[in-house]
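run_10.cif follows; it contains mmCIF, C-alpha atoms.
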data_protein
#
loop_
_atom_site.group_PDB
_atom_site.id
_atom_site.type_symbol
_atom_site.label_atom_id
_atom_site.label_comp_id
_atom_site.auth_asym_id
_atom_site.auth_seq_id
_atom_site.Cartn_x
_atom_site.Cartn_y
_atom_site.Cartn_z
ATOM 1 C CA MET A 648 -42.513 7.177 35.603
ATOM 2 C CA GLN A 649 -43.255 8.511 32.166
ATOM 3 C CA GLY A 650 -41.373 11.729 32.943
ATOM 4 C CA THR A 651 -38.351 9.772 34.144
ATOM 5 C CA LEU A 652 -38.370 7.663 31.012
ATOM 6 C CA SER A 653 -38.425 10.768 28.859
ATOM 7 C CA LEU A 654 -35.408 12.136 30.720
ATOM 8 C CA ALA A 655 -33.506 8.965 29.897
ATOM 9 C CA ALA A 656 -33.716 9.766 26.209
ATOM 10 C CA TRP A 657 -31.563 12.864 26.438
ATOM 11 C CA LEU A 658 -29.678 13.004 29.739
ATOM 12 C CA PRO A 659 -26.037 11.967 29.211
ATOM 13 C CA ALA A 660 -24.794 8.532 30.161
ATOM 14 C CA ARG A 661 -21.518 9.899 31.529
ATOM 15 C CA THR A 662 -20.786 9.905 35.239
ATOM 16 C CA ILE A 663 -22.855 12.178 37.495
ATOM 17 C CA TYR A 664 -20.941 12.095 40.768
ATOM 18 C CA GLY A 665 -20.019 8.495 40.277
ATOM 19 C CA TYR A 666 -23.251 7.212 38.665
ATOM 20 C CA ARG A 667 -22.676 5.571 35.291
ATOM 21 C CA GLY A 668 -25.209 4.387 32.764
ATOM 22 C CA PRO A 669 -28.336 5.872 31.178
ATOM 23 C CA ALA A 670 -30.263 8.506 33.049
ATOM 24 C CA LEU A 671 -33.195 6.229 33.920
ATOM 25 C CA GLY A 672 -33.642 6.657 37.653
ATOM 26 C CA LEU A 673 -31.494 9.802 37.784
ATOM 27 C CA ALA A 674 -33.833 11.518 40.257
ATOM 28 C CA SER A 675 -33.522 8.661 42.741
ATOM 29 C CA GLN A 676 -29.760 8.547 42.218
ATOM 30 C CA LEU A 677 -29.491 12.246 43.008
ATOM 31 C CA ALA A 678 -31.663 11.848 46.075
ATOM 32 C CA LYS A 679 -30.012 8.705 47.456
ATOM 33 C CA ARG A 680 -26.291 9.051 46.704
ATOM 34 C CA ALA A 681 -24.202 9.210 49.840
ATOM 35 C CA SER A 682 -22.034 12.256 50.426
ATOM 36 C CA TYR A 683 -19.052 12.420 48.088
ATOM 37 C CA SER A 684 -16.360 10.213 49.559
ATOM 38 C CA THR A 685 -14.820 8.032 46.892
ATOM 39 C CA ILE A 686 -12.183 10.548 45.782
ATOM 40 C CA ARG A 687 -10.503 12.173 48.738
ATOM 41 C CA GLU A 688 -8.378 14.680 46.820
ATOM 42 C CA PRO A 689 -9.237 17.212 44.082
ATOM 43 C CA PRO A 690 -8.722 15.926 40.545
ATOM 44 C CA THR A 691 -5.710 16.925 38.526
ATOM 45 C CA PRO A 692 -5.339 20.663 37.711
ATOM 46 C CA PHE A 693 -7.507 22.200 35.030
ATOM 47 C CA ARG A 694 -5.092 21.954 32.147
ATOM 48 C CA GLY A 695 -7.252 22.239 29.076
ATOM 49 C CA LEU A 696 -7.970 18.662 28.130
ATOM 50 C CA GLU A 697 -9.682 18.414 24.799
ATOM 51 C CA HIS A 698 -10.416 14.905 23.632
ATOM 52 C CA LYS A 699 -13.310 13.225 21.923
ATOM 53 C CA GLN A 700 -15.377 10.567 23.598
ATOM 54 C CA GLN A 701 -18.808 9.575 22.373
ATOM 55 C CA GLU A 702 -18.794 12.695 20.161
ATOM 56 C CA GLU A 703 -18.435 15.046 23.148
ATOM 57 C CA THR A 704 -15.581 17.424 23.978
ATOM 58 C CA PHE A 705 -14.267 17.308 27.542
ATOM 59 C CA LEU A 706 -12.431 20.446 28.607
ATOM 60 C CA TYR A 707 -10.920 19.059 31.831
ATOM 61 C CA ASP A 708 -10.651 15.740 33.629
ATOM 62 C CA THR A 709 -14.042 15.749 35.367
ATOM 63 C CA HIS A 710 -16.007 17.708 32.760
ATOM 64 C CA THR A 711 -19.496 16.402 31.911
ATOM 65 C CA PRO A 712 -20.845 18.319 28.878
ATOM 66 C CA MET A 713 -24.578 19.032 28.883
ATOM 67 C CA ASN A 714 -26.954 21.184 26.890
ATOM 68 C CA LEU A 715 -29.167 23.803 28.521
ATOM 69 C CA LEU A 716 -32.146 21.488 28.862
ATOM 70 C CA GLN A 717 -30.046 18.831 30.568
ATOM 71 C CA LYS A 718 -28.500 21.376 32.929
ATOM 72 C CA GLY A 719 -31.971 22.635 33.743
ATOM 73 C CA ALA A 720 -33.023 19.136 34.751
ATOM 74 C CA ILE A 721 -29.958 18.741 36.957
ATOM 75 C CA ALA A 722 -30.628 22.167 38.499
ATOM 76 C CA VAL A 723 -34.224 21.220 39.368
ATOM 77 C CA LEU A 724 -33.295 17.827 40.809
ATOM 78 C CA SER A 725 -30.322 19.134 42.775
ATOM 79 C CA THR A 726 -32.429 22.009 44.142
ATOM 80 C CA ALA A 727 -34.961 19.540 45.501
ATOM 81 C CA ALA A 728 -32.259 17.355 47.039
ATOM 82 C CA ALA A 729 -30.356 20.300 48.516
ATOM 83 C CA PHE A 730 -33.539 21.745 50.038
ATOM 84 C CA ARG A 731 -34.270 18.383 51.594
ATOM 85 C CA ASN A 732 -30.760 18.024 52.982
ATOM 86 C CA PRO A 733 -28.429 21.062 52.767
ATOM 87 C CA ALA A 734 -25.579 18.877 54.033
ATOM 88 C CA ARG A 735 -25.499 17.074 50.682
ATOM 89 C CA ALA A 736 -22.318 18.630 49.329
ATOM 90 C CA ASP A 737 -22.716 16.870 45.973
ATOM 91 C CA MET A 738 -26.187 18.298 45.403
ATOM 92 C CA VAL A 739 -25.196 21.784 46.563
ATOM 93 C CA ALA A 740 -22.213 21.596 44.189
ATOM 94 C CA ALA A 741 -24.377 20.551 41.231
ATOM 95 C CA LEU A 742 -26.836 23.331 42.019
ATOM 96 C CA GLY A 743 -24.045 25.893 42.149
ATOM 97 C CA GLU A 744 -22.544 24.802 38.848
ATOM 98 C CA THR A 745 -25.822 24.770 36.922
ATOM 99 C CA THR A 746 -27.164 28.088 38.240
ATOM 100 C CA GLY A 747 -24.064 30.158 39.052
ATOM 101 C CA VAL A 748 -22.284 30.875 35.759
ATOM 102 C CA THR A 749 -23.041 34.608 35.856
ATOM 103 C CA ALA A 750 -21.767 34.863 39.425
ATOM 104 C CA LEU A 751 -18.634 32.898 38.516
ATOM 105 C CA GLN A 752 -17.985 35.275 35.621
ATOM 106 C CA GLY A 753 -18.175 38.176 38.068
ATOM 107 C CA MET A 754 -15.727 36.481 40.428
ATOM 108 C CA LEU A 755 -13.348 35.814 37.560
ATOM 109 C CA ARG A 756 -13.439 39.469 36.482
ATOM 110 C CA ARG A 757 -12.667 40.619 40.022
ATOM 111 C CA MET A 758 -9.764 38.196 40.264
ATOM 112 C CA GLN A 759 -8.432 39.423 36.917
ATOM 113 C CA ASP A 760 -8.588 43.013 38.228
ATOM 114 C CA SER A 761 -6.683 42.128 41.414
ATOM 115 C CA VAL A 762 -2.913 41.621 41.609
ATOM 116 C CA THR A 763 -3.340 38.727 44.037
ATOM 117 C CA GLY A 764 -6.261 37.357 42.058
ATOM 118 C CA GLN A 765 -4.120 37.346 38.922
ATOM 119 C CA GLN A 766 -1.425 35.394 40.747
ATOM 120 C CA ILE A 767 -3.965 32.834 41.914
ATOM 121 C CA LEU A 768 -5.261 32.420 38.360
ATOM 122 C CA ARG A 769 -1.690 31.944 37.106
ATOM 123 C CA ASP A 770 -0.656 29.481 39.810
ATOM 124 C CA ARG A 771 -4.013 27.704 40.092
ATOM 125 C CA PRO A 772 -3.241 26.329 43.566
ATOM 126 C CA ARG A 773 -5.303 23.389 44.786
ATOM 127 C CA VAL A 774 -6.178 22.823 48.432
ATOM 128 C CA THR A 775 -5.031 19.235 48.937
ATOM 129 C CA SER A 776 -3.859 17.352 52.024
ATOM 130 C CA GLU A 777 -0.297 17.523 50.720
ATOM 131 C CA ALA A 778 -0.492 21.272 50.052
ATOM 132 C CA VAL A 779 -1.673 22.123 53.581
ATOM 133 C CA ALA A 780 0.242 19.445 55.519
ATOM 134 C CA HIS A 781 2.729 21.953 56.985
ATOM 135 C CA ALA A 782 -0.121 23.759 58.765
ATOM 136 C CA TRP A 783 -0.085 21.026 61.423
ATOM 137 C CA ASP A 784 3.472 22.049 62.398
ATOM 138 C CA LEU A 785 2.777 25.743 62.880
ATOM 139 C CA PRO A 786 2.610 27.396 66.321
ATOM 140 C CA GLU A 787 -0.565 28.312 68.132
ATOM 141 C CA GLY A 788 -1.972 31.689 67.134
ATOM 142 C CA THR A 789 -1.140 31.341 63.465
ATOM 143 C CA PHE A 790 -3.754 31.013 60.734
ATOM 144 C CA GLY A 791 -2.267 27.662 59.728
ATOM 145 C CA HIS A 792 -2.495 26.261 63.251
ATOM 146 C CA ALA A 793 -6.108 27.390 63.587
ATOM 147 C CA TYR A 794 -6.938 25.760 60.251
ATOM 148 C CA ALA A 795 -5.209 22.502 61.211
ATOM 149 C CA LYS A 796 -7.079 22.399 64.520
ATOM 150 C CA PHE A 797 -10.378 23.135 62.780
ATOM 151 C CA MET A 798 -9.821 20.271 60.324
ATOM 152 C CA GLY A 799 -8.409 17.838 62.877
ATOM 153 C CA ASP A 800 -11.151 18.377 65.440
ATOM 154 C CA ARG A 801 -13.744 17.467 62.814
ATOM 155 C CA ASN A 802 -11.752 14.732 61.091
ATOM 156 C CA PHE A 803 -12.039 16.672 57.833
ATOM 157 C CA THR A 804 -9.767 16.108 54.835
ATOM 158 C CA ALA A 805 -8.606 19.032 52.699
ATOM 159 C CA GLY A 806 -9.531 17.318 49.436
ATOM 160 C CA ASP A 807 -12.948 16.117 50.581
ATOM 161 C CA ARG A 808 -14.902 18.201 48.078
ATOM 162 C CA PRO A 809 -16.925 17.179 44.999
ATOM 163 C CA PRO A 810 -15.115 17.937 41.735
ATOM 164 C CA VAL A 811 -16.422 20.498 39.265
ATOM 165 C CA ARG A 812 -18.294 18.781 36.426
ATOM 166 C CA PHE A 813 -20.922 20.871 34.683
ATOM 167 C CA ILE A 814 -19.122 24.138 33.833
ATOM 168 C CA ASP A 815 -18.180 24.520 30.173
ATOM 169 C CA ASP A 816 -15.254 26.898 30.616
ATOM 170 C CA ILE A 817 -11.838 25.997 32.026
ATOM 171 C CA GLU A 818 -11.242 29.298 33.821
ATOM 172 C CA LEU A 819 -14.716 29.376 35.347
ATOM 173 C CA ALA A 820 -14.321 25.750 36.380
ATOM 174 C CA TYR A 821 -11.169 26.668 38.286
ATOM 175 C CA VAL A 822 -12.891 29.625 39.958
ATOM 176 C CA ALA A 823 -15.697 27.302 41.064
ATOM 177 C CA ALA A 824 -13.195 24.782 42.397
ATOM 178 C CA ARG A 825 -11.258 27.505 44.205
ATOM 179 C CA ALA A 826 -14.404 28.838 45.920
ATOM 180 C CA ARG A 827 -15.301 25.304 46.976
ATOM 181 C CA GLU A 828 -11.841 24.432 48.279
ATOM 182 C CA VAL A 829 -11.260 27.588 50.362
ATOM 183 C CA HIS A 830 -14.614 27.256 52.142
ATOM 184 C CA ASP A 831 -12.974 25.806 55.254
ATOM 185 C CA PHE A 832 -10.584 28.779 55.401
ATOM 186 C CA TRP A 833 -13.668 30.986 55.626
ATOM 187 C CA HIS A 834 -14.989 28.922 58.522
ATOM 188 C CA VAL A 835 -11.748 29.579 60.408
ATOM 189 C CA LEU A 836 -11.554 33.282 59.608
ATOM 190 C CA PHE A 837 -15.185 34.079 60.427
ATOM 191 C CA GLY A 838 -15.403 31.683 63.371
ATOM 192 C CA CYS A 839 -18.462 29.854 62.060
ATOM 193 C CA HIS A 840 -19.382 26.422 63.365
ATOM 194 C CA THR A 841 -19.921 23.538 60.949
ATOM 195 C CA ASN A 842 -23.380 22.701 62.284
ATOM 196 C CA VAL A 843 -26.467 23.709 60.311
ATOM 197 C CA PHE A 844 -26.645 27.087 62.028
ATOM 198 C CA GLY A 845 -23.007 27.960 61.340
ATOM 199 C CA GLU A 846 -23.179 26.782 57.746
ATOM 200 C CA LEU A 847 -26.251 28.904 57.068
ATOM 201 C CA ALA A 848 -24.599 31.982 58.578
ATOM 202 C CA LEU A 849 -21.501 31.460 56.444
ATOM 203 C CA LYS A 850 -23.624 30.843 53.335
ATOM 204 C CA ALA A 851 -25.138 34.284 53.876
ATOM 205 C CA VAL A 852 -21.620 35.768 53.918
ATOM 206 C CA GLU A 853 -20.882 33.867 50.707
ATOM 207 C CA LEU A 854 -24.045 35.239 49.107
ATOM 208 C CA VAL A 855 -22.810 38.794 49.607
ATOM 209 C CA GLN A 856 -19.286 37.943 48.495
ATOM 210 C CA THR A 857 -19.970 35.686 45.518
ATOM 211 C CA GLY A 858 -23.560 36.260 44.431
ATOM 212 C CA MET A 859 -24.010 32.514 43.852
ATOM 213 C CA PRO A 860 -27.746 31.668 43.737
ATOM 214 C CA MET A 861 -27.193 28.375 45.530
ATOM 215 C CA THR A 862 -26.048 30.241 48.659
ATOM 216 C CA ALA A 863 -29.431 31.963 48.915
ATOM 217 C CA LEU A 864 -31.261 28.708 48.221
ATOM 218 C CA SER A 865 -29.201 26.956 50.904
ATOM 219 C CA VAL A 866 -30.214 29.551 53.488
ATOM 220 C CA LEU A 867 -33.864 29.450 52.435
ATOM 221 C CA GLY A 868 -34.022 25.660 52.555
ATOM 222 C CA GLY A 869 -31.719 25.034 55.505
ATOM 223 C CA GLN A 870 -33.560 27.332 57.896
ATOM 224 C CA PHE A 871 -36.427 24.851 58.122
ATOM 225 C CA ARG A 872 -34.113 22.319 59.753
ATOM 226 C CA LEU A 873 -33.791 24.641 62.743
ATOM 227 C CA LYS A 874 -36.186 24.935 65.657
ATOM 228 C CA ALA A 875 -38.355 28.041 65.687
ATOM 229 C CA GLN A 876 -36.378 29.746 68.445
ATOM 230 C CA THR A 877 -33.079 29.047 66.711
ATOM 231 C CA ARG A 878 -34.482 30.255 63.399
ATOM 232 C CA ALA A 879 -35.466 33.514 65.059
ATOM 233 C CA GLU A 880 -31.903 33.894 66.355
ATOM 234 C CA LEU A 881 -30.607 33.317 62.842
ATOM 235 C CA TYR A 882 -32.761 36.136 61.446
ATOM 236 C CA GLN A 883 -32.342 38.564 64.327
ATOM 237 C CA ASP A 884 -28.635 38.239 64.999
ATOM 238 C CA PHE A 885 -26.697 36.203 62.507
ATOM 239 C CA LEU A 886 -28.063 37.192 59.117
ATOM 240 C CA PRO A 887 -27.537 40.908 59.892
ATOM 241 C CA TRP A 888 -23.999 40.012 60.980
ATOM 242 C CA ALA A 889 -23.461 37.987 57.797
ATOM 243 C CA LEU A 890 -24.568 40.827 55.525
ATOM 244 C CA ARG A 891 -22.403 43.318 57.416
ATOM 245 C CA ALA A 892 -19.385 40.999 57.470
ATOM 246 C CA GLY A 893 -19.758 40.084 53.802
ATOM 247 C CA PHE A 894 -19.821 43.702 52.634
ATOM 248 C CA ARG A 895 -17.033 44.767 54.987
ATOM 249 C CA SER A 896 -14.398 42.109 54.331
ATOM 250 C CA ALA A 897 -11.826 41.992 51.569
ATOM 251 C CA ASP A 898 -12.781 40.078 48.413
ATOM 252 C CA LEU A 899 -12.508 36.492 49.647
ATOM 253 C CA MET A 900 -11.738 35.178 46.158
ATOM 254 C CA CYS A 901 -8.695 37.424 45.853
ATOM 255 C CA LEU A 902 -6.852 36.197 48.950
ATOM 256 C CA TYR A 903 -3.937 33.755 48.634
ATOM 257 C CA TYR A 904 -4.685 31.952 51.887
ATOM 258 C CA GLU A 905 -1.936 29.357 51.527
ATOM 259 C CA LYS A 906 0.752 32.048 51.644
ATOM 260 C CA HIS A 907 -0.488 33.315 55.027
ATOM 261 C CA PHE A 908 -0.499 30.138 57.101
ATOM 262 C CA GLU A 909 2.409 31.399 59.210
ATOM 263 C CA ASP A 910 0.783 34.784 59.887
ATOM 264 C CA ASP A 911 -1.015 35.630 63.102
ATOM 265 C CA LEU A 912 -4.731 34.869 62.765
ATOM 266 C CA GLU A 913 -5.923 38.035 64.489
ATOM 267 C CA ASP A 914 -3.579 40.180 62.395
ATOM 268 C CA LEU A 915 -5.027 38.643 59.243
ATOM 269 C CA ARG A 916 -8.560 39.268 60.416
ATOM 270 C CA ARG A 917 -7.727 42.930 60.920
ATOM 271 C CA GLN A 918 -5.874 43.161 57.604
ATOM 272 C CA TRP A 919 -8.722 41.531 55.675
ATOM 273 C CA ARG A 920 -11.442 43.343 57.662
ATOM 274 C CA ILE A 921 -12.950 40.078 58.904
ATOM 275 C CA GLU A 922 -15.705 40.425 61.490
ATOM 276 C CA ILE A 923 -16.076 37.135 63.333
ATOM 277 C CA ALA A 924 -19.477 35.641 63.985
ATOM 278 C CA PRO A 925 -21.248 36.310 67.285
ATOM 279 C CA ILE A 926 -19.846 34.057 69.972
ATOM 280 C CA GLN A 927 -23.057 32.013 70.111
ATOM 281 C CA ALA A 928 -22.323 30.656 66.631
ATOM 282 C CA ARG A 929 -19.338 28.794 68.019
ATOM 283 C CA LYS A 930 -20.671 27.756 71.425
ATOM 284 C CA SER A 931 -24.374 27.033 70.977
ATOM 285 C CA LYS A 932 -25.424 23.478 70.197
ATOM 286 C CA ILE A 933 -28.082 23.916 67.575
ATOM 287 C CA GLN A 934 -30.603 21.087 67.477
ATOM 288 C CA LEU A 935 -32.450 20.058 64.360
ATOM 289 C CA GLN A 936 -36.186 19.790 64.282
#
Could you rewrite the structure in this file as structure tokens?
Amino acid sequence: MQGTLSLAAWLPARTIYGYRGPALGLASQLAKRASYSTIREPPTPFRGLEHKQQEETFLYDTHTPMNLLQKGAIAVLSTAAAFRNPARADMVAALGETTGVTALQGMLRRMQDSVTGQQILRDRPRVTSEAVAHAWDLPEGTFGHAYAKFMGDRNFTAGDRPPVRFIDDIELAYVAARAREVHDFWHVLFGCHTNVFGELALKAVELVQTGMPMTALSVLGGQFRLKAQTRAELYQDFLPWALRAGFRSADLMCLYYEKHFEDDLEDLRRQWRIEIAPIQARKSKIQLQ
């Protein structure tokens, strides 16, 4: 209790994924919050907001300024929560934002060196329900149709992602949001299931592609939710595939997915050198311990 009280003295009172008030009880809030569901669409575009509130400068709508010590506390707490339940998108997001700045800088540099990446940075597209609505009207065999089926079968919503909060740079904040929002496109392209097994396999691909520390931590923590036999399959078959697929494919952050909805899915996989996951990743029903 004493440690929690000491945190209250310097953790900010501003919203942390919907929690308002002083930081007393922050650890329990991080551990108990339900998955992010109150805002179904991404916030407004990163447009360089700079206004004063309680003597802090907010760079974009959802920005929560913190010093290094505060970010360290959030990183530790979110790591514990994400290890306990890798399905907690809010905790995984917080972990990524507080530990992944160097990786985000690398992604930004690669996008700036790519013609398509430059266009994405100029346009700053957001993956919202409105932006992808036409995918539901596209014919079978197209990337857009496959994406719409993937989302519809799981009752997913395009904007159902936690907003970026803890990154103190507008461009890096957009890169983080972009990586988060195109995650479901990667599921479709690589053929990964959305169960624990499929998510871990895709996180390994992301580790190679993005270098984000939270992807490695997700794999390390999430594996313990699998039965021993399934965990062995992950290490023997799917992690080798993930490493191979991650190194082989085009830079996933430099692809303008929204402009290819009408293209044939298999043609895109060949063009972008996508190696789909072993068939068991889509058909096996992986049971948790």
| Selection: 10 Å around Asn732 in chain A, only C-alpha atoms, excl. self and same-chain fewer than 2 positions, as a ChimeraX atom specification | /A:678,726-730,734-736,738-739,865,868-869,872
| field | Residues returned when the PyMOL selection byres ((chain A and resi 857) around 9) runs on this file, as a PyMOL selection string | value | chain A and resi 750-751+753-754+826+852-856+858-860+862+898-900
Centre and edge lengths, as lines of an AutoDock Vina configuration file, for the axis-aligned box enclosing every listed atom of range 891-897 of chain A with 8 Å of padding on each of the six sides, in Å to one decimal?
center_x = -17.1
center_y = 42.4
center_z = 54.5
size_x = 26.6
size_y = 20.7
size_z = 21.9
| query | If the PyMOL selection byres ((chain A and resi 915-926) around 8) is run on the structure shown, which residues does it catch, given as a ChimeraX atom specification? | reply | /A:790,836-839,884-885,888-889,892,895-897,910-914,927-930
| Taking into account all atoms listed in the file, which residue in the set A:Glu905, A:Asp760, A:Glu744, A:Asp737 is nearest to Phe832 in chain A? |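 The shortest atom-to-atom distance to Phe832 in chain A comes from A:Glu905.
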With the file shown as input, list the residues that the PyMOL selection byres ((chain A and resi 780) around 12) selects, as an mmCIF file with C-alpha atoms, keeping the file's coordinate frame.
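Below is the file part.cif, written as the result:
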data_model
loop_
_atom_site.group_PDB
_atom_site.id
_atom_site.type_symbol
_atom_site.label_atom_id
_atom_site.label_comp_id
_atom_site.auth_asym_id
_atom_site.auth_seq_id
_atom_site.Cartn_x
_atom_site.Cartn_y
_atom_site.Cartn_z
ATOM 1 C CA VAL A 774 -6.178 22.823 48.432
ATOM 2 C CA THR A 775 -5.031 19.235 48.937
ATOM 3 C CA SER A 776 -3.859 17.352 52.024
ATOM 4 C CA GLU A 777 -0.297 17.523 50.720
ATOM 5 C CA ALA A 778 -0.492 21.272 50.052
ATOM 6 C CA VAL A 779 -1.673 22.123 53.581
ATOM 7 C CA HIS A 781 2.729 21.953 56.985
ATOM 8 C CA ALA A 782 -0.121 23.759 58.765
ATOM 9 C CA TRP A 783 -0.085 21.026 61.423
ATOM 10 C CA ASP A 784 3.472 22.049 62.398
ATOM 11 C CA LEU A 785 2.777 25.743 62.880
ATOM 12 C CA GLY A 791 -2.267 27.662 59.728
ATOM 13 C CA HIS A 792 -2.495 26.261 63.251
ATOM 14 C CA TYR A 794 -6.938 25.760 60.251
ATOM 15 C CA ALA A 795 -5.209 22.502 61.211
ATOM 16 C CA LYS A 796 -7.079 22.399 64.520
ATOM 17 C CA MET A 798 -9.821 20.271 60.324
ATOM 18 C CA GLY A 799 -8.409 17.838 62.877
ATOM 19 C CA THR A 804 -9.767 16.108 54.835
ATOM 20 C CA ALA A 805 -8.606 19.032 52.699
ATOM 21 C CA GLY A 806 -9.531 17.318 49.436
ATOM 22 C CA GLU A 905 -1.936 29.357 51.527
ATOM 23 C CA PHE A 908 -0.499 30.138 57.101
#
| request: Find the residue from A:Glu818, A:Asp800, A:Asp807, A:Glu828 that sits nearest to Thr841 in chain A; use all atoms listed in the file when measuring. | output: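 Looking only at the distances to Thr841 in chain A, the closest residue turns out to be A:Asp800.
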| Separation of CA of Asn714 in chain A and CA of Ala863 in chain A, in Å? | 24.6 Å
| message | Measuring between all atoms listed in the file, which one of A:Pro810, A:Leu864, A:Lys906, A:Phe797 shows the shortest distance to His834 in chain A? | response |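 Of A:Pro810, A:Leu864, A:Lys906, A:Phe797, the one nearest His834 in chain A, counting all atoms listed in the file, is A:Phe797.
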| task | Please indicate the distance in Å from CA of Val866 in chain A to CA of Val822 in chain A, rounded to one decimal place. | result | 22.0 Å
| query | Hey, which of A:Val829, A:Met758, A:Ile814, A:Leu819 ends up closest to Arg773 in chain A? Count only C-alpha atoms. | reply |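 For Arg773 in chain A, the nearest of the candidates is A:Val829.
Of note, CA of Tyr707 in chain A and CA of Ala824 in chain A are spaced 12.2 Å apart.
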| Looking at A:Val811, A:Ala793, A:Ala741, A:Leu849, which one is nearest to Asp708 in chain A, with distances taken over all atoms listed in the file? |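 Using all atoms listed in the file, the shortest distance to Asp708 in chain A belongs to A:Val811.
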